[in-house]
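S.K.: My structure is in protein.pdb, and what it holds is PDB, C-alpha atoms:
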```pdb
ATOM      1  CA  MET A 124     -64.397  12.936  -6.858
ATOM      2  CA  THR A 125     -63.887  15.779  -4.447
ATOM      3  CA  TYR A 126     -60.432  16.054  -2.880
ATOM      4  CA  PRO A 127     -59.438  17.811   0.341
ATOM      5  CA  HIS A 128     -58.022  21.268  -0.268
ATOM      6  CA  ASP A 129     -59.928  21.744  -3.556
ATOM      7  CA  GLY A 130     -59.507  25.300  -4.694
ATOM      8  CA  HIS A 131     -55.753  25.444  -4.006
ATOM      9  CA  ASP A 132     -54.083  25.781  -7.407
ATOM     10  CA  GLU A 133     -50.671  24.699  -6.151
ATOM     11  CA  TYR A 134     -52.076  21.208  -5.513
ATOM     12  CA  ASP A 135     -53.127  20.829  -9.164
ATOM     13  CA  GLU A 136     -49.595  20.569 -10.579
ATOM     14  CA  THR A 137     -48.747  17.192 -12.123
ATOM     15  CA  ILE A 138     -45.421  15.677 -13.164
ATOM     16  CA  GLU A 139     -45.061  12.733 -15.526
ATOM     17  CA  GLU A 140     -43.253   9.877 -13.709
ATOM     18  CA  ASP A 141     -42.073   6.459 -14.887
ATOM     19  CA  LEU A 142     -40.252   4.580 -12.116
ATOM     20  CA  THR A 143     -40.910   1.093 -13.477
ATOM     21  CA  GLN A 144     -37.215   0.534 -14.283
ATOM     22  CA  THR A 145     -35.877   2.174 -11.099
ATOM     23  CA  ASP A 146     -34.807   0.228  -8.017
ATOM     24  CA  GLU A 147     -35.934   1.409  -4.585
ATOM     25  CA  ALA A 148     -33.395   3.391  -2.622
ATOM     26  CA  GLN A 149     -31.282   1.284  -0.258
ATOM     27  CA  GLY A 150     -30.334   4.101   2.085
ATOM     28  CA  PHE A 151     -27.089   6.022   2.177
ATOM     29  CA  GLY A 152     -24.167   4.464   0.391
ATOM     30  CA  PRO A 153     -20.698   4.342   1.912
ATOM     31  CA  ALA A 154     -18.554   7.437   2.180
ATOM     32  CA  PRO A 155     -15.893   7.705  -0.542
ATOM     33  CA  ALA A 156     -12.560   6.118   0.285
ATOM     34  CA  ALA A 157     -10.336   8.809   1.801
ATOM     35  CA  GLN A 158      -8.643   9.989   4.973
ATOM     36  CA  TYR A 159     -11.104  11.676   7.330
ATOM     37  CA  PHE A 160     -10.734  13.740  10.474
ATOM     38  CA  CYS A 161     -13.316  12.062  12.727
ATOM     39  CA  ARG A 162     -14.839  12.102  16.181
ATOM     40  CA  CYS A 163     -15.861   8.977  18.070
ATOM     41  CA  ILE A 164     -19.558   9.543  18.775
ATOM     42  CA  ASP A 165     -20.612   6.137  20.083
ATOM     43  CA  VAL A 166     -19.253   2.889  21.523
ATOM     44  CA  LYS A 167     -21.490  -0.183  21.291
ATOM     45  CA  THR A 168     -20.790  -2.957  23.787
ATOM     46  CA  LYS A 169     -24.099  -4.791  23.247
ATOM     47  CA  ASP A 170     -25.932  -6.112  20.194
ATOM     48  CA  GLU A 171     -29.495  -5.380  19.123
ATOM     49  CA  ASP A 172     -30.793  -7.989  21.586
ATOM     50  CA  GLY A 173     -28.976  -6.383  24.502
ATOM     51  CA  GLU A 174     -26.374  -9.137  24.678
ATOM     52  CA  PRO A 175     -22.617  -8.411  24.879
ATOM     53  CA  ARG A 176     -21.101  -8.047  21.409
ATOM     54  CA  THR A 177     -18.688 -10.897  20.758
ATOM     55  CA  THR A 178     -16.651 -12.372  17.924
ATOM     56  CA  LYS A 179     -17.201 -15.895  16.589
ATOM     57  CA  ASN A 180     -14.563 -17.008  19.083
ATOM     58  CA  GLY A 181     -16.506 -15.535  21.981
ATOM     59  CA  ASP A 182     -14.214 -12.558  22.611
ATOM     60  CA  LYS A 183     -15.792  -9.259  23.569
ATOM     61  CA  SER A 184     -15.899  -6.829  20.647
ATOM     62  CA  TRP A 185     -16.840  -3.170  20.963
ATOM     63  CA  GLY A 186     -18.198  -1.259  17.997
ATOM     64  CA  LEU A 187     -16.663   2.194  17.572
ATOM     65  CA  ARG A 188     -18.766   4.667  15.631
ATOM     66  CA  PHE A 189     -16.986   7.622  14.066
ATOM     67  CA  GLU A 190     -18.420  10.634  12.272
ATOM     68  CA  PRO A 191     -16.256  12.289   9.605
ATOM     69  CA  VAL A 192     -15.927  16.053  10.011
ATOM     70  CA  ALA A 193     -13.353  16.879   7.347
ATOM     71  CA  VAL A 194     -11.341  15.266   4.563
ATOM     72  CA  VAL A 195      -7.563  15.233   4.895
ATOM     73  CA  THR A 196      -6.163  16.564   1.608
ATOM     74  CA  PRO A 197      -2.981  15.183  -0.013
ATOM     75  CA  ASP A 198      -0.987  18.114   1.410
ATOM     76  CA  GLY A 199      -2.127  17.275   4.961
ATOM     77  CA  LYS A 200      -4.677  20.066   5.316
ATOM     78  CA  LEU A 201      -8.374  19.720   6.146
ATOM     79  CA  SER A 202     -11.336  20.403   3.898
ATOM     80  CA  THR A 203     -14.877  20.521   5.225
ATOM     81  CA  LYS A 204     -16.372  21.054   1.766
ATOM     82  CA  ASP A 205     -18.844  18.362   0.764
ATOM     83  CA  PRO A 206     -21.248  20.001  -1.731
ATOM     84  CA  GLU A 207     -22.737  16.683  -2.874
ATOM     85  CA  LYS A 208     -23.125  15.375   0.709
ATOM     86  CA  LEU A 209     -21.031  12.311  -0.067
ATOM     87  CA  TRP A 210     -19.731  11.867   3.487
ATOM     88  CA  THR A 211     -21.452  14.475   5.667
ATOM     89  CA  GLY A 212     -23.619  12.757   8.273
ATOM     90  CA  ARG A 213     -22.243   9.296   7.475
ATOM     91  CA  SER A 214     -20.966   6.954  10.176
ATOM     92  CA  VAL A 215     -17.828   4.848   9.900
ATOM     93  CA  TRP A 216     -17.667   1.794  12.153
ATOM     94  CA  ASP A 217     -14.733  -0.243  13.380
ATOM     95  CA  ASN A 218     -14.282  -2.876  16.080
ATOM     96  CA  VAL A 219     -11.997  -3.206  19.075
ATOM     97  CA  THR A 220     -11.648  -6.862  20.029
ATOM     98  CA  HIS A 221     -10.708  -7.776  23.578
ATOM     99  CA  SER A 222      -8.462 -10.783  23.112
ATOM    100  CA  LYS A 223      -4.765 -11.524  23.534
ATOM    101  CA  LYS A 224      -4.411 -12.058  19.803
ATOM    102  CA  ALA A 225      -5.855  -8.602  19.065
ATOM    103  CA  ALA A 226      -3.857  -6.801  21.781
ATOM    104  CA  GLY A 227      -1.397  -5.309  19.282
ATOM    105  CA  ARG A 228      -4.061  -3.659  17.161
ATOM    106  CA  ARG A 229      -5.961  -2.617  20.263
ATOM    107  CA  LYS A 230      -2.843  -0.792  21.460
ATOM    108  CA  LEU A 231      -2.451   0.869  18.059
ATOM    109  CA  VAL A 232      -6.089   1.993  17.910
ATOM    110  CA  LEU A 233      -6.309   3.264  21.480
ATOM    111  CA  GLY A 234      -2.906   4.941  21.362
ATOM    112  CA  ARG A 235      -3.756   6.818  18.188
ATOM    113  CA  MET A 236      -7.028   7.867  19.720
ATOM    114  CA  GLY A 237      -4.979   9.629  22.383
ATOM    115  CA  VAL A 238      -5.125   7.068  25.197
ATOM    116  CA  ASP A 239      -1.908   6.670  27.209
ATOM    117  CA  VAL A 240      -1.223   2.990  26.494
ATOM    118  CA  ASN A 241       2.235   2.991  28.096
ATOM    119  CA  ARG A 242       0.844   2.352  31.568
ATOM    120  CA  PRO A 243      -1.970   0.165  32.943
ATOM    121  CA  PHE A 244      -5.427   1.728  32.734
ATOM    122  CA  LYS A 245      -9.106   0.858  32.955
ATOM    123  CA  LEU A 246     -10.726   0.820  29.538
ATOM    124  CA  SER A 247     -14.379   1.838  29.272
ATOM    125  CA  PRO A 248     -16.583   3.445  26.626
ATOM    126  CA  ARG A 249     -16.327   6.693  28.631
ATOM    127  CA  LEU A 250     -12.609   6.788  27.872
ATOM    128  CA  LEU A 251     -13.174   6.686  24.102
ATOM    129  CA  LEU A 252     -16.281   8.814  23.581
ATOM    130  CA  GLY A 253     -15.589  12.249  22.176
ATOM    131  CA  ARG A 254     -12.047  11.500  21.038
ATOM    132  CA  TRP A 255     -10.779  12.695  17.682
ATOM    133  CA  VAL A 256      -8.704  10.648  15.247
ATOM    134  CA  VAL A 257      -7.661  10.576  11.594
ATOM    135  CA  LEU A 258      -9.071   7.477   9.877
ATOM    136  CA  THR A 259      -8.147   5.874   6.596
ATOM    137  CA  VAL A 260     -11.507   4.773   5.243
ATOM    138  CA  GLU A 261     -11.919   2.176   2.515
ATOM    139  CA  ILE A 262     -14.867   0.524   0.759
ATOM    140  CA  GLU A 263     -15.406  -3.222   0.696
ATOM    141  CA  GLU A 264     -18.107  -5.638  -0.391
ATOM    142  CA  VAL A 265     -19.535  -7.937   2.277
ATOM    143  CA  TRP A 266     -22.376 -10.438   2.338
ATOM    144  CA  SER A 267     -25.525  -9.188   4.077
ATOM    145  CA  ASN A 268     -27.641 -11.944   5.628
ATOM    146  CA  LYS A 269     -30.443  -9.436   6.081
ATOM    147  CA  LYS A 270     -30.529  -8.390   2.416
ATOM    148  CA  GLN A 271     -29.280 -11.741   1.096
ATOM    149  CA  LYS A 272     -26.783 -10.107  -1.223
ATOM    150  CA  LYS A 273     -23.425  -8.369  -1.230
ATOM    151  CA  VAL A 274     -23.440  -4.753  -0.069
ATOM    152  CA  ARG A 275     -20.794  -2.056  -0.136
ATOM    153  CA  LYS A 276     -19.684  -0.667   3.213
ATOM    154  CA  ASN A 277     -16.909   1.390   4.719
ATOM    155  CA  SER A 278     -14.077  -0.270   6.591
ATOM    156  CA  VAL A 279     -10.917   0.828   8.403
ATOM    157  CA  PRO A 280      -7.704  -1.104   7.641
ATOM    158  CA  PHE A 281      -5.534  -2.652  10.342
ATOM    159  CA  ASP A 282      -3.334   0.435  10.792
ATOM    160  CA  GLY A 283      -5.826   2.999   9.524
ATOM    161  CA  TYR A 284      -5.571   5.268  12.588
ATOM    162  CA  GLN A 285      -3.467   8.396  13.059
ATOM    163  CA  LEU A 286      -3.276  10.881  15.910
ATOM    164  CA  ALA A 287      -5.430  13.962  15.443
ATOM    165  CA  ASP A 288      -3.557  17.271  15.494
ATOM    166  CA  PRO A 289      -4.823  19.295  18.514
ATOM    167  CA  LYS A 290      -4.710  22.535  16.524
ATOM    168  CA  TYR A 291      -7.171  21.104  14.000
ATOM    169  CA  ILE A 292      -9.413  19.823  16.806
ATOM    170  CA  LYS A 293      -9.524  23.318  18.294
ATOM    171  CA  ALA A 294     -10.197  24.914  14.913
ATOM    172  CA  LEU A 295     -13.115  22.560  14.203
ATOM    173  CA  VAL A 296     -14.604  22.985  17.673
ATOM    174  CA  ASP A 297     -14.256  26.780  17.452
ATOM    175  CA  ALA A 298     -16.001  26.664  14.067
ATOM    176  CA  GLY A 299     -18.925  24.742  15.567
ATOM    177  CA  ARG A 300     -18.183  21.557  13.611
ATOM    178  CA  GLU A 301     -17.932  19.232  16.608
ATOM    179  CA  PRO A 302     -20.395  16.351  16.086
ATOM    180  CA  GLN A 303     -22.673  15.547  18.984
ATOM    181  CA  LEU A 304     -22.331  12.198  20.680
ATOM    182  CA  ALA A 305     -25.063   9.685  19.883
ATOM    183  CA  CYS A 306     -26.264   9.809  23.502
ATOM    184  CA  GLU A 307     -26.583  13.602  23.313
ATOM    185  CA  ARG A 308     -28.728  13.310  20.199
ATOM    186  CA  GLU A 309     -30.942  10.731  21.888
ATOM    187  CA  GLU A 310     -31.485  13.038  24.852
ATOM    188  CA  LYS A 311     -32.747  15.676  22.414
ATOM    189  CA  GLY A 312     -34.907  13.203  20.523
ATOM    190  CA  ASP A 313     -32.740  13.241  17.388
ATOM    191  CA  ALA A 314     -32.075   9.485  17.415
ATOM    192  CA  HIS A 315     -34.030   6.337  18.175
ATOM    193  CA  GLU A 316     -31.416   3.960  19.520
ATOM    194  CA  GLU A 317     -31.353   3.488  23.287
ATOM    195  CA  GLN A 318     -27.915   4.085  24.748
ATOM    196  CA  SER A 319     -26.766   5.316  28.119
ATOM    197  CA  ALA A 320     -25.519   8.875  28.278
ATOM    198  CA  PHE A 321     -21.813   8.694  28.999
ATOM    199  CA  PRO A 322     -19.671  11.388  30.582
ATOM    200  CA  TYR A 323     -16.797  11.989  28.203
ATOM    201  CA  GLY A 324     -13.726  14.038  27.520
ATOM    202  CA  ALA A 325     -11.776  15.004  24.451
ATOM    203  CA  ASN A 326      -8.356  13.504  23.705
ATOM    204  CA  ALA A 327      -7.214  13.505  27.301
ATOM    205  CA  GLN A 328      -7.208  10.556  29.635
TER
END
```
Let's see the structure in the file written out as structure tokens.
M.R.:
Amino acid sequence: MTYPHDGHDEYDETIEEDLTQTDEAQGFGPAPAAQYFCRCIDVKTKDEDGEPRTTKNGDKSWGLRFEPVAVVTPDGKLSTKDPEKLWTGRSVWDNVTHSKKAAGRRKLVLGRMGVDVNRPFKLSPRLLLGRWVVLTVEIEEVWSNKKQKKVRKNSVPFDGYQLADPKYIKALVDAGREPQLACEREEKGDAHEEQSAFPYGANAQ
């Protein structure tokens, strides 16, 4: 049999492989449990079918997507080192539920994202996009209807939000480590999800 590119020696190399006992990759695993300095890069108000995201009780629920930029070390400093790519490029998701019962946590989350919650305000995805926050990230096992088995995923505990220190925000931005928003990536063709491009600001209302 004649193959295309015959005559190119580099195409003749062979490697013995036996993958019969190896499972197929299931994509990226969760980021290790830790405290991360993160930026909110997306806010999902609709599901995959374009319908408003809601809880089982019918309350609106927004999905907040965060991208870790640095690990918070035990002494309170930041480390951007991730030689094994354990968390770089990962997304951590949490939900903000719009119900009276969830008002207390909503105030905690928004306040620690830098929103002034001590006066009435209009909440929109634009208000949250681009904000920085320190997240406590854990790993939990949940049932996946799609995969029909338990999967490991990241989660944020009830009070897993802390205000981001402005000096660290400035240092990361100055070092070029500010993650793009999801809508900015889509405009450049780096992502496939459709999402409106939102005007945004940093941690200032």
S.K.: Residues of range 184-284 of chain A that approach range 152-167 of chain A to 6 Å or less, counting all atoms listed in the file: could you list each one with the shortest pair of atoms and its distance in Å to one decimal, rows by chain and increasing residue number, as CSV?
M.R.:
```
residue,atom,partner,partner_atom,distance
A:Trp185,CA,A:Lys167,CA,5.5
A:Gly186,CA,A:Lys167,CA,4.8
A:Leu187,CA,A:Val166,CA,4.8
A:Arg188,CA,A:Asp165,CA,5.0
A:Phe189,CA,A:Cys163,CA,4.4
A:Glu190,CA,A:Cys161,CA,5.3
A:Pro191,CA,A:Cys161,CA,4.3
A:Val192,CA,A:Cys161,CA,5.5
A:Ala193,CA,A:Phe160,CA,5.1
A:Val194,CA,A:Tyr159,CA,4.5
A:Val195,CA,A:Gln158,CA,5.4
A:Leu209,CA,A:Ala154,CA,5.9
A:Trp210,CA,A:Ala154,CA,4.8
A:Pro248,CA,A:Val166,CA,5.8
A:Leu252,CA,A:Cys163,CA,5.5
A:Gly253,CA,A:Cys163,CA,5.3
A:Arg254,CA,A:Cys163,CA,5.5
A:Trp255,CA,A:Arg162,CA,4.4
A:Val256,CA,A:Cys161,CA,5.4
A:Val257,CA,A:Phe160,CA,4.6
A:Leu258,CA,A:Tyr159,CA,5.3
A:Thr259,CA,A:Gln158,CA,4.5
A:Val260,CA,A:Ala156,CA,5.2
A:Glu261,CA,A:Ala156,CA,4.6
A:Lys276,CA,A:Pro153,CA,5.3
A:Asn277,CA,A:Pro153,CA,5.6
```
S.K.: For Gly227 in chain A, which of A:Thr178, A:Gly199, A:Gln271, A:Asp282 is the closest residue, counting only C-alpha atoms?
M.R.: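 Using only C-alpha atoms, Gly227 in chain A sits closest to A:Asp282.
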S.K.: Rounded to one decimal, what separation in Å do you get between CA of Asp288 in chain A and CA of Asp217 in chain A?
M.R.: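 These atoms are spaced 20.9 Å apart.
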S.K.: Using Å and a single decimal, report how far CA of Gln285 in chain A sits from CA of Leu201 in chain A.
M.R.: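 Computed distance, CA of Leu201 in chain A to CA of Gln285 in chain A, equals 14.1 Å.
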S.K.: May I ask which of the residues A:Asn268, A:Gly283, A:Lys293, A:Lys169 is the closest one to Val232 in chain A, counting all atoms listed in the file?
M.R.: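 Distance minimum relative to Val232 in chain A lands on A:Gly283.
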S.K.: Work out how far CA of Thr220 in chain A is from CA of Lys183 in chain A, in Å to one decimal.
M.R.: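 Distance between the two atoms: 6.0 Å.
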S.K.: With distances taken over only C-alpha atoms, which of A:Arg308, A:Thr211, A:Tyr284, A:Ala226 is nearest to Phe151 in chain A?
M.R.: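 Checking each candidate against Phe151 in chain A, we get A:Thr211 as the closest.
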S.K.: For Lys223 in chain A, which residue out of A:Lys269, A:Asp182, A:Val296, A:Pro197 is the nearest one, using only C-alpha atoms?
M.R.: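 Closest candidate: A:Asp182.
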S.K.: Check the smallest atom-to-atom distance from each of A:Val215, A:Leu250, A:Glu140, A:Trp266 to Gly234 in chain A using all atoms listed in the file, then report the winner.
M.R.: A:Leu250
S.K.: Restricting the calculation to only C-alpha atoms: of A:Ser184, A:Glu139, A:Pro175, A:Ala294, which residue gets closest to Ala225 in chain A?
M.R.: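 Selected residue with least distance to Ala225 in chain A: A:Ser184.
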S.K.: If we count only C-alpha atoms, what is near Leu246 in chain A at a cut-off of 12 Å, once residues fewer than 4 positions away on the same chain are taken out, given as a PyMOL selection string?
M.R.: chain A and resi 166+185+219+221+229-230+233+238-240+242+250-252+328
S.K.: First collect every listed atom of range 272-275 of chain A; then fit an axis-aligned box around them, widen it by 4 Å on each side, and give centre and edge lengths in Å to one decimal, as AutoDock Vina command-line options.
M.R.:
```
--center_x -23.8 --center_y -6.1 --center_z -0.6 --size_x 14.0 --size_y 16.1 --size_z 9.2
```
